[in-house]
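J.: Structure file structure-v5.cif (mmCIF, C-alpha atoms) right here:
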```cif
data_query
#
loop_
_atom_site.label_atom_id
_atom_site.label_comp_id
_atom_site.auth_asym_id
_atom_site.auth_seq_id
_atom_site.Cartn_x
_atom_site.Cartn_y
_atom_site.Cartn_z
CA MET K 1 127.12 37.14 55.89
CA LYS K 2 123.45 37.29 56.89
CA ALA K 3 122.27 34.35 59.01
CA ARG K 4 119.82 31.88 57.46
CA HIS K 5 116.85 30.96 59.64
CA PHE K 6 114.47 28.00 59.61
CA LEU K 7 111.19 29.38 60.95
CA GLN K 8 108.71 27.83 58.50
CA PHE K 9 109.03 24.93 56.11
CA LYS K 10 108.84 27.27 53.11
CA ASP K 11 112.02 29.06 54.25
CA LEU K 12 114.12 26.57 52.25
CA SER K 13 113.87 25.62 48.59
CA ARG K 14 113.27 22.15 47.21
CA ASP K 15 116.87 22.03 46.01
CA GLU K 16 118.11 22.87 49.51
CA TYR K 17 115.92 20.13 50.98
CA GLU K 18 117.27 17.62 48.49
CA HIS K 19 120.75 18.55 49.70
CA LEU K 20 119.65 18.15 53.33
CA PHE K 21 118.28 14.68 52.64
CA ILE K 22 121.56 13.60 51.04
CA ARG K 23 123.40 14.92 54.07
CA THR K 24 120.91 13.29 56.47
CA ARG K 25 121.52 9.89 54.86
CA TRP K 26 125.30 10.31 55.06
CA ILE K 27 125.29 11.65 58.63
CA LYS K 28 123.00 8.82 59.73
CA GLU K 29 125.38 6.28 58.18
CA GLN K 30 128.26 7.74 60.20
CA PHE K 31 126.21 7.49 63.38
CA LYS K 32 125.21 3.88 62.70
CA SER K 33 128.81 2.93 61.90
CA TYR K 34 130.25 4.63 65.01
CA ARG K 35 132.35 6.91 62.82
CA GLN K 36 133.19 10.26 64.39
CA TYR K 37 132.05 13.31 62.43
CA TRP K 38 132.66 16.60 64.21
CA PRO K 39 132.15 19.49 61.75
CA LEU K 40 130.70 21.73 64.48
CA ILE K 41 133.48 21.39 67.02
CA ASP K 42 133.60 24.45 69.30
CA ARG K 43 130.15 25.58 68.06
CA MET K 44 127.41 26.23 70.61
CA LEU K 45 123.68 25.64 70.31
CA VAL K 46 121.34 27.43 72.72
CA MET K 47 117.97 25.72 73.17
CA ILE K 48 115.18 27.92 74.53
CA PHE K 49 112.08 26.11 75.78
CA GLU K 50 108.77 27.66 76.74
CA LYS K 51 106.90 24.44 75.93
CA GLN K 52 107.71 21.04 77.41
CA SER K 53 109.61 18.59 75.27
CA THR K 54 111.13 15.12 75.07
CA ARG K 55 112.08 14.48 71.44
CA THR K 56 112.94 18.07 70.52
CA ARG K 57 115.35 18.55 73.40
CA LEU K 58 116.96 15.15 73.10
CA SER K 59 117.35 15.25 69.32
CA PHE K 60 118.87 18.73 69.29
CA GLU K 61 121.11 18.29 72.33
CA ALA K 62 122.33 14.84 71.31
CA GLY K 63 122.64 15.95 67.70
CA MET K 64 124.82 18.95 68.48
CA ARG K 65 127.10 16.86 70.67
CA GLN K 66 127.36 14.17 68.01
CA LEU K 67 128.53 16.87 65.59
CA GLY K 68 131.26 17.91 68.04
CA GLY K 69 129.54 20.98 69.49
CA THR K 70 127.90 21.79 72.78
CA ALA K 71 124.31 22.59 73.73
CA VAL K 72 122.93 24.82 76.47
CA PHE K 73 119.36 24.38 77.73
CA LEU K 74 117.39 27.47 78.77
CA ASN K 75 113.89 27.20 80.20
CA THR K 76 111.97 30.46 80.12
CA ARG K 77 110.73 29.78 83.67
CA ASP K 78 114.33 29.89 84.90
CA SER K 79 115.61 32.79 82.81
CA GLN K 80 114.93 36.49 82.42
CA LEU K 81 112.73 35.71 79.39
CA GLY K 82 110.21 34.38 81.86
CA ARG K 83 110.34 37.61 83.85
CA GLY K 84 109.43 39.92 81.02
CA GLU K 85 112.74 40.63 79.28
CA PRO K 86 111.93 41.74 75.73
CA VAL K 87 112.48 39.05 73.12
CA GLU K 88 114.52 41.54 71.09
CA ASP K 89 116.95 42.18 73.97
CA ALA K 90 117.35 38.47 74.66
CA ALA K 91 118.09 37.84 70.98
CA GLU K 92 120.77 40.52 70.89
CA VAL K 93 122.58 39.00 73.88
CA ILE K 94 122.10 35.28 73.25
CA SER K 95 123.16 35.55 69.62
CA ARG K 96 126.44 37.20 70.69
CA MET K 97 127.23 34.26 73.00
CA SER K 98 126.29 31.34 70.76
CA ASP K 99 126.44 30.10 67.17
CA ILE K 100 122.89 28.87 66.61
CA VAL K 101 119.60 29.00 68.57
CA MET K 102 116.60 26.66 68.64
CA ILE K 103 113.35 27.97 70.14
CA ARG K 104 110.28 25.96 71.17
CA THR K 105 107.52 28.33 72.16
CA PHE K 106 103.88 29.31 71.69
CA GLU K 107 103.32 32.15 69.21
CA GLN K 108 105.17 32.15 65.87
CA GLU K 109 105.62 35.89 66.34
CA ILE K 110 108.12 35.18 69.13
CA VAL K 111 110.56 33.27 66.91
CA GLU K 112 110.07 35.82 64.12
CA ARG K 113 110.93 38.70 66.46
CA PHE K 114 113.90 36.80 67.87
CA ALA K 115 115.22 36.09 64.37
CA ARG K 116 115.00 39.75 63.35
CA HIS K 117 117.40 40.67 66.17
CA SER K 118 119.72 37.66 65.98
CA ARG K 119 123.21 37.52 64.52
CA VAL K 120 123.05 33.71 64.26
CA PRO K 121 120.67 31.18 62.67
CA ILE K 122 117.36 30.58 64.47
CA ILE K 123 115.50 27.27 64.24
CA ASN K 124 111.82 26.92 65.03
CA GLY K 125 111.62 23.88 67.31
CA LEU K 126 107.82 24.22 67.44
CA THR K 127 105.23 26.99 67.68
CA ASN K 128 101.44 26.97 67.76
CA GLU K 129 101.47 27.62 64.01
CA TYR K 130 104.30 25.45 62.63
CA HIS K 131 106.56 22.47 63.33
CA PRO K 132 109.05 22.49 60.44
CA CYS K 133 111.68 20.21 62.02
CA GLN K 134 109.07 17.49 62.46
CA ILE K 135 108.08 17.49 58.80
CA LEU K 136 111.73 17.66 57.75
CA GLY K 137 112.23 14.34 59.55
CA ASP K 138 108.90 12.95 58.35
CA ILE K 139 109.58 13.56 54.67
CA TYR K 140 113.07 12.11 54.98
CA THR K 141 111.52 9.04 56.60
CA PHE K 142 109.03 8.62 53.76
CA ILE K 143 111.80 8.92 51.18
CA GLU K 144 113.93 6.43 53.12
CA GLN K 145 111.03 3.96 53.31
CA ARG K 146 109.19 4.47 50.01
CA GLY K 147 111.19 6.75 47.71
CA PRO K 148 110.31 10.24 46.35
CA ILE K 149 107.25 11.91 47.84
CA SER K 150 106.44 14.06 44.80
CA GLY K 151 103.06 13.13 43.34
CA LYS K 152 102.10 11.06 46.38
CA THR K 153 99.08 11.57 48.67
CA VAL K 154 99.33 12.27 52.39
CA ALA K 155 96.16 11.86 54.47
CA TRP K 156 95.98 14.11 57.52
CA ILE K 157 93.33 12.94 60.00
CA GLY K 158 92.46 15.17 62.95
CA ASP K 159 93.12 18.72 64.07
CA SER K 160 94.43 21.30 61.58
CA ASN K 161 97.25 22.17 63.96
CA ASN K 162 100.88 23.22 63.57
CA VAL K 163 101.95 19.84 62.15
CA CYS K 164 99.09 19.89 59.63
CA ASN K 165 99.97 23.45 58.60
CA THR K 166 103.55 22.39 57.96
CA TRP K 167 102.51 19.37 55.88
CA LEU K 168 100.52 21.80 53.72
CA GLN K 169 103.56 24.02 53.20
CA ALA K 170 105.69 20.96 52.40
CA ALA K 171 103.17 19.86 49.76
CA GLU K 172 103.73 23.17 47.96
CA VAL K 173 107.50 22.71 48.05
CA PHE K 174 107.59 19.04 47.00
CA ASP K 175 104.51 18.90 44.77
CA PHE K 176 102.49 16.25 46.56
CA ASN K 177 98.87 16.23 47.72
CA VAL K 178 97.39 16.39 51.20
CA HIS K 179 93.92 15.09 52.01
CA VAL K 180 92.79 16.84 55.18
CA SER K 181 89.88 15.62 57.28
CA THR K 182 88.95 17.51 60.43
CA PRO K 183 85.77 17.71 62.51
CA PRO K 184 83.52 20.70 61.80
CA GLY K 185 84.99 23.84 63.32
CA TYR K 186 88.59 22.63 63.09
CA GLU K 187 89.16 23.16 59.37
CA VAL K 188 92.36 24.46 57.76
CA GLU K 189 92.89 28.22 57.87
CA PRO K 190 95.00 28.91 54.73
CA GLU K 191 96.31 32.25 55.95
CA ARG K 192 97.36 30.80 59.32
CA ALA K 193 98.97 27.86 57.49
CA GLY K 194 101.05 30.31 55.46
CA LEU K 195 100.16 28.64 52.18
CA TYR K 196 101.39 29.71 48.76
CA GLY K 197 98.10 28.48 47.28
CA THR K 198 95.44 25.82 47.72
CA SER K 199 96.15 23.53 44.77
CA HIS K 200 97.96 20.87 46.81
CA TYR K 201 95.33 20.00 49.40
CA GLU K 202 91.72 18.94 49.54
CA GLU K 203 89.39 18.84 52.54
CA PHE K 204 87.14 15.85 53.32
CA SER K 205 84.30 15.71 55.84
CA ASP K 206 84.67 11.91 55.96
CA PRO K 207 88.08 10.79 57.29
CA MET K 208 87.75 7.42 55.53
CA GLN K 209 87.47 9.16 52.18
CA ALA K 210 90.53 11.25 52.99
CA ALA K 211 92.56 8.10 53.68
CA ARG K 212 91.39 6.19 50.61
CA GLU K 213 94.38 5.32 48.38
CA ALA K 214 96.72 7.50 50.45
CA ASP K 215 100.45 6.70 50.43
CA LEU K 216 100.90 8.02 53.96
CA VAL K 217 98.37 8.37 56.77
CA THR K 218 99.30 10.64 59.64
CA THR K 219 97.72 12.29 62.66
CA ASP K 220 98.47 14.01 65.96
CA VAL K 221 96.93 14.26 69.41
CA TRP K 222 93.45 15.74 69.57
CA THR K 223 94.53 18.36 72.11
CA SER K 224 97.81 20.16 71.48
CA MET K 225 99.81 21.95 74.17
CA GLY K 226 98.16 25.19 75.15
CA PHE K 227 94.63 23.89 74.46
CA GLU K 228 94.22 21.67 77.51
CA SER K 229 91.11 23.55 78.67
CA GLU K 230 89.35 22.22 75.53
CA ASN K 231 90.31 18.59 76.17
CA GLU K 232 86.90 17.14 77.03
CA GLU K 233 85.16 19.03 74.23
CA ARG K 234 87.77 17.87 71.75
CA LYS K 235 87.41 14.25 72.83
CA ARG K 236 83.75 14.44 71.87
CA ASP K 237 84.36 16.33 68.63
CA PHE K 238 87.16 14.05 67.40
CA GLU K 239 85.63 10.69 68.32
CA ASP K 240 85.18 9.70 64.65
CA TRP K 241 88.65 10.91 63.61
CA ARG K 242 90.65 7.95 64.88
CA VAL K 243 93.17 6.14 62.68
CA ASP K 244 92.40 2.44 62.98
CA ALA K 245 93.09 -0.77 61.08
CA GLU K 246 90.03 -0.29 58.88
CA MET K 247 91.29 3.12 57.78
CA MET K 248 94.77 1.79 57.02
CA LYS K 249 93.24 -1.00 54.90
CA ILE K 250 91.62 1.48 52.52
CA ALA K 251 94.86 3.43 52.13
CA LYS K 252 97.11 2.39 49.27
CA LYS K 253 98.84 -0.98 49.53
CA GLY K 254 102.19 -0.29 51.15
CA ALA K 255 100.99 2.92 52.84
CA VAL K 256 102.82 3.94 55.99
CA PHE K 257 101.52 5.46 59.21
CA MET K 258 103.24 8.37 60.96
CA HIS K 259 102.70 10.24 64.22
CA CYS K 260 104.89 13.03 65.60
CA LEU K 261 104.50 11.66 69.17
CA PRO K 262 103.66 11.54 71.99
CA ALA K 263 100.61 9.47 71.05
CA HIS K 264 97.45 8.72 73.00
CA ARG K 265 96.67 5.14 72.06
CA GLY K 266 92.93 4.65 71.77
CA GLU K 267 92.27 8.31 71.00
CA GLU K 268 93.72 9.62 67.71
CA VAL K 269 95.20 6.20 66.81
CA THR K 270 94.65 2.64 67.93
CA ALA K 271 97.46 0.58 69.45
CA GLU K 272 96.99 -1.91 66.61
CA VAL K 273 98.03 0.72 64.07
CA ILE K 274 100.84 2.51 65.90
CA ASP K 275 102.43 -0.81 66.89
CA GLY K 276 101.57 -2.49 63.59
CA PRO K 277 103.56 -3.33 60.44
CA GLN K 278 102.60 -0.14 58.58
CA SER K 279 103.81 2.13 61.36
CA VAL K 280 107.17 3.86 60.91
CA VAL K 281 106.87 6.10 63.97
CA TRP K 282 110.10 4.90 65.61
CA ASP K 283 112.17 5.47 62.47
CA GLU K 284 110.38 8.81 62.13
CA ALA K 285 111.36 9.77 65.69
CA GLU K 286 114.99 8.76 65.20
CA ASN K 287 115.22 10.63 61.91
CA ARG K 288 114.47 13.89 63.74
CA LEU K 289 117.96 13.49 65.19
CA HIS K 290 119.75 12.98 61.88
CA SER K 291 117.77 15.46 59.77
CA GLN K 292 118.27 18.19 62.38
CA LYS K 293 122.00 17.49 62.39
CA ALA K 294 121.99 18.03 58.63
CA LEU K 295 119.96 21.22 59.13
CA MET K 296 122.38 22.65 61.71
CA GLU K 297 125.34 21.75 59.49
CA PHE K 298 123.69 23.57 56.57
CA LEU K 299 122.73 26.69 58.53
CA LEU K 300 126.21 27.02 60.03
CA LEU K 301 128.49 25.77 57.23
CA GLY K 302 126.43 26.02 54.06
CA ARG K 303 126.49 23.19 51.53
CA VAL K 304 128.91 20.51 52.64
CA GLU K 305 129.84 18.00 49.92
CA GLN K 306 131.15 14.64 51.09
#
```
Let's see the structure in the file written out as structure tokens.

T.:
Amino acid sequence: MKARHFLQFKDLSRDEYEHLFIRTRWIKEQFKSYRQYWPLIDRMLVMIFEKQSTRTRLSFEAGMRQLGGTAVFLNTRDSQLGRGEPVEDAAEVISRMSDIVMIRTFEQEIVERFARHSRVPIINGLTNEYHPCQILGDIYTFIEQRGPISGKTVAWIGDSNNVCNTWLQAAEVFDFNVHVSTPPGYEVEPERAGLYGTSHYEEFSDPMQAAREADLVTTDVWTSMGFESENEERKRDFEDWRVDAEMMKIAKKGAVFMHCLPAHRGEEVTAEVIDGPQSVVWDEAENRLHSQKALMEFLLLGRVEQ
């Protein structure tokens, strides 16, 4: 049976996501109730990191162990991948010694090449282009907090980066709208975002207008990993793209704030917002753990009905 991969958000259907969210809720309930659930006993996850990580490593490693399996951490600096071994050769070997692989790297092409030569499911833990596991957890969090996301409005304030691209793909899958506001020169690139179309997002030059009547306001750091040389320039360019209390007030009553973390308080978001009553960032971070457990269960076992 051919392995299923999760390389972009659009790799799964809406029906499959609905199943994942049901499983996420159930798996989270087991965790909270200290009930053992080990469907992946004797299964091995290999985690390959080229980019630094806190939440991705912890959520995948802890998640696999909580499902009864084991996880192996590989840093490209300490493996032959960092010495020029072809991605294709590494995929052939690693996929013969494991059951599932998560990769956190720079170019999307790397995970695509790895997947083409893998016998086991590959999960994109983050690339420059996409961050599908983050939005999987984010959408589950919104549903958990506010109900269905279909027909709602998400305001993205800041850089049109990998997280933004993935929100745009998710909007196509779940039929909601994204209001994107970026500084000049940082606009959405539809082809890079891998969009089906453009009917589910609108761009705003004024971030306040993008946030008006939004159900969810979200952002990310001004300088993503790999763009550190642009940090000072970006600080100047993004100065007016900060989520603050005034912006949250013009969002819809009951709107929530999300951030994929780590956050730079005082830059892309004020401390008042991220630590305030509308913020769900800590639930959002925890739900990465549970939604990724549901994802690994699905990729390895198919639809599990409980």

J.: With all atoms of region 92-103 of chain K from the file as input, state the centre and edge lengths in Å to one decimal of the axis-aligned box that has 6 Å extra on each side, as JSON.

T.:
```
{"center_x": 120.3, "center_y": 33.6, "center_z": 70.2, "size_x": 25.9, "size_y": 25.9, "size_z": 19.3}
```

J.: Return the single residue from K:Ile157, K:Val173, K:Val120, K:Leu67 that is closest to Gln36 (chain K), with distances computed using only C-alpha atoms.

T.: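 Going through K:Ile157, K:Val173, K:Val120, K:Leu67 one by one, the smallest distance to Gln36 (chain K) is for K:Leu67.
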
J.: Using all atoms listed in the file, find each residue in region 76-103 of chain K having at least one atom no more than 10 Å away from region 3-24 of chain K; report its shortest atom-to-atom pair and that distance in Å (one decimal), rows by chain then rising number, as a Markdown table.

T.:
```
| residue | atom | partner | partner_atom | distance |
| --- | --- | --- | --- | --- |
| K:Ile100 | CA | K:Ala3 | CA | 9.4 |
| K:Val101 | CA | K:His5 | CA | 9.5 |
| K:Met102 | CA | K:Phe6 | CA | 9.4 |
| K:Ile103 | CA | K:Leu7 | CA | 9.5 |
```

J.: Which residues match the PyMOL selection byres ((chain K and resi 46-53) around 6) in the file above, as a PDB file with C-alpha atoms, keeping the file's coordinate frame?

T.:
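Full text of expr-v6.pdb as output:
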```pdb
ATOM      1  CA  LEU K  45     123.680  25.640  70.310  1.00  0.00           C
ATOM      2  CA  THR K  54     111.130  15.120  75.070  1.00  0.00           C
ATOM      3  CA  THR K  56     112.940  18.070  70.520  1.00  0.00           C
ATOM      4  CA  ALA K  71     124.310  22.590  73.730  1.00  0.00           C
ATOM      5  CA  VAL K  72     122.930  24.820  76.470  1.00  0.00           C
ATOM      6  CA  PHE K  73     119.360  24.380  77.730  1.00  0.00           C
ATOM      7  CA  LEU K  74     117.390  27.470  78.770  1.00  0.00           C
ATOM      8  CA  ASN K  75     113.890  27.200  80.200  1.00  0.00           C
ATOM      9  CA  THR K  76     111.970  30.460  80.120  1.00  0.00           C
ATOM     10  CA  VAL K 101     119.600  29.000  68.570  1.00  0.00           C
ATOM     11  CA  MET K 102     116.600  26.660  68.640  1.00  0.00           C
ATOM     12  CA  ILE K 103     113.350  27.970  70.140  1.00  0.00           C
ATOM     13  CA  ARG K 104     110.280  25.960  71.170  1.00  0.00           C
ATOM     14  CA  THR K 105     107.520  28.330  72.160  1.00  0.00           C
TER      15      THR K 105
END
```

J.: Name the residues captured by the PyMOL selection byres ((chain K and resi 28) around 12) when it is applied to the shown file; answer as a PyMOL selection string.

T.: chain K and resi 20-27+29-37+63+66-67+140-141+144+283+286-294

J.: Exactly which residues make up the result of the PyMOL selection byres ((chain K and resi 273) around 9) on this file, given as an MDAnalysis selection string?

T.: chainID K and resid 243:245 248 257 269:272 274:279

J.: Which one of K:Met296, K:Val256, K:Met208, K:Ile135 sits closest to Gly68 (chain K) if you count only C-alpha atoms?

T.: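 Checking each candidate against Gly68 (chain K), we get K:Met296 as the closest.
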
J.: CA of Ser59 (chain K) to CA of Gly254 (chain K): how many Å, to one decimal?

T.: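 Separation between CA of Ser59 (chain K) and CA of Gly254 (chain K): 28.3 Å.
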
J.: Any idea what's packed within 9 Å of region 189-203 of chain K, counting only C-alpha atoms, ignoring anything in its chain fewer than 3 positions away? Could you give it as a VMD selection string?

T.: chain K and resid 8 10 129 to 130 160 to 162 164 to 166 168 to 169 171 to 172 175 to 182 186 210

J.: Could you check which of K:Thr223, K:Thr153, K:Thr218, K:Asn231 is closest to Lys252 (chain K), using only C-alpha atoms?

T.: K:Thr153

J.: When you count all atoms listed in the file, which of these residues is closest to Glu88 (chain K): K:Phe238, K:Phe114, K:Phe142, K:Trp167?

T.: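 Between K:Phe238, K:Phe114, K:Phe142, K:Trp167, the residue approaching Glu88 (chain K) most closely is K:Phe114.
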
J.: Between CA of Gln134 (chain K) and CA of Gly302 (chain K), measure the distance and give it in Å to one decimal.

T.: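 Going from CA of Gln134 (chain K) over to CA of Gly302 (chain K) covers 21.1 Å.
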
J.: How many Å lie between CA of Glu239 (chain K) and CA of Pro262 (chain K), rounded to one decimal?

T.: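 Calculated distance between CA of Glu239 (chain K) and CA of Pro262 (chain K) is 18.4 Å.
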
J.: Neighbours of Glu268 (chain K) within 8 Å (all atoms listed in the file; same-chain residues fewer than 5 positions away dropped), as number ranges by chain?

T.: K: 158, 219-222, 238, 241-243, 263

J.: Can you sort out region 117-141 of chain K so it carries N, CA and C atoms, written as an mmCIF file, in the coordinates of the input?

T.:
```
data_model
loop_
_atom_site.group_PDB
_atom_site.id
_atom_site.type_symbol
_atom_site.label_atom_id
_atom_site.label_comp_id
_atom_site.auth_asym_id
_atom_site.auth_seq_id
_atom_site.Cartn_x
_atom_site.Cartn_y
_atom_site.Cartn_z
ATOM 1 N N HIS K 117 116.370 40.027 65.345
ATOM 2 C CA HIS K 117 117.400 40.670 66.170
ATOM 3 C C HIS K 117 118.558 39.728 66.485
ATOM 4 N N SER K 118 118.677 38.647 65.729
ATOM 5 C CA SER K 118 119.720 37.660 65.980
ATOM 6 C C SER K 118 120.831 37.744 64.951
ATOM 7 N N ARG K 119 122.063 37.570 65.415
ATOM 8 C CA ARG K 119 123.210 37.520 64.520
ATOM 9 C C ARG K 119 123.459 36.104 64.003
ATOM 10 N N VAL K 120 122.788 35.110 64.591
ATOM 11 C CA VAL K 120 123.050 33.710 64.260
ATOM 12 C C VAL K 120 121.760 33.035 63.797
ATOM 13 N N PRO K 121 121.860 31.871 63.151
ATOM 14 C CA PRO K 121 120.670 31.180 62.670
ATOM 15 C C PRO K 121 119.709 30.811 63.807
ATOM 16 N N ILE K 122 118.417 30.962 63.530
ATOM 17 C CA ILE K 122 117.360 30.580 64.470
ATOM 18 C C ILE K 122 116.559 29.443 63.864
ATOM 19 N N ILE K 123 116.301 28.419 64.668
ATOM 20 C CA ILE K 123 115.500 27.270 64.240
ATOM 21 C C ILE K 123 114.223 27.229 65.056
ATOM 22 N N ASN K 124 113.113 27.093 64.367
ATOM 23 C CA ASN K 124 111.820 26.920 65.030
ATOM 24 C C ASN K 124 111.685 25.466 65.469
ATOM 25 N N GLY K 125 111.769 25.225 66.774
ATOM 26 C CA GLY K 125 111.620 23.880 67.310
ATOM 27 C C GLY K 125 110.178 23.484 67.522
ATOM 28 N N LEU K 126 109.271 24.412 67.389
ATOM 29 C CA LEU K 126 107.820 24.220 67.440
ATOM 30 C C LEU K 126 107.181 25.518 67.910
ATOM 31 N N THR K 127 106.108 25.911 67.218
ATOM 32 C CA THR K 127 105.230 26.990 67.680
ATOM 33 C C THR K 127 103.793 26.518 67.505
ATOM 34 N N ASN K 128 102.857 27.324 67.955
ATOM 35 C CA ASN K 128 101.440 26.970 67.760
ATOM 36 C C ASN K 128 101.092 26.852 66.282
ATOM 37 N N GLU K 129 101.815 27.577 65.428
ATOM 38 C CA GLU K 129 101.470 27.620 64.010
ATOM 39 C C GLU K 129 102.205 26.585 63.168
ATOM 40 N N TYR K 130 103.484 26.304 63.495
ATOM 41 C CA TYR K 130 104.300 25.450 62.630
ATOM 42 C C TYR K 130 105.213 24.519 63.419
ATOM 43 N N HIS K 131 105.592 23.408 62.758
ATOM 44 C CA HIS K 131 106.560 22.470 63.330
ATOM 45 C C HIS K 131 107.467 21.963 62.202
ATOM 46 N N PRO K 132 108.292 22.851 61.635
ATOM 47 C CA PRO K 132 109.050 22.490 60.440
ATOM 48 C C PRO K 132 110.068 21.378 60.628
ATOM 49 N N CYS K 133 110.687 21.279 61.807
ATOM 50 C CA CYS K 133 111.680 20.210 62.020
ATOM 51 C C CYS K 133 111.019 18.837 62.005
ATOM 52 N N GLN K 134 109.783 18.756 62.481
ATOM 53 C CA GLN K 134 109.070 17.490 62.460
ATOM 54 C C GLN K 134 108.845 17.011 61.024
ATOM 55 N N ILE K 135 108.381 17.896 60.172
ATOM 56 C CA ILE K 135 108.080 17.490 58.800
ATOM 57 C C ILE K 135 109.357 17.269 58.006
ATOM 58 N N LEU K 136 110.428 17.947 58.356
ATOM 59 C CA LEU K 136 111.730 17.660 57.750
ATOM 60 C C LEU K 136 112.080 16.189 57.978
ATOM 61 N N GLY K 137 111.948 15.733 59.235
ATOM 62 C CA GLY K 137 112.230 14.340 59.550
ATOM 63 C C GLY K 137 111.218 13.386 58.949
ATOM 64 N N ASP K 138 109.957 13.806 58.898
ATOM 65 C CA ASP K 138 108.900 12.950 58.350
ATOM 66 C C ASP K 138 109.111 12.684 56.860
ATOM 67 N N ILE K 139 109.407 13.735 56.113
ATOM 68 C CA ILE K 139 109.580 13.560 54.670
ATOM 69 C C ILE K 139 110.833 12.736 54.389
ATOM 70 N N TYR K 140 111.899 12.960 55.157
ATOM 71 C CA TYR K 140 113.070 12.110 54.980
ATOM 72 C C TYR K 140 112.718 10.646 55.245
ATOM 73 N N THR K 141 111.908 10.410 56.269
ATOM 74 C CA THR K 141 111.520 9.040 56.600
ATOM 75 C C THR K 141 110.722 8.411 55.469
#
```
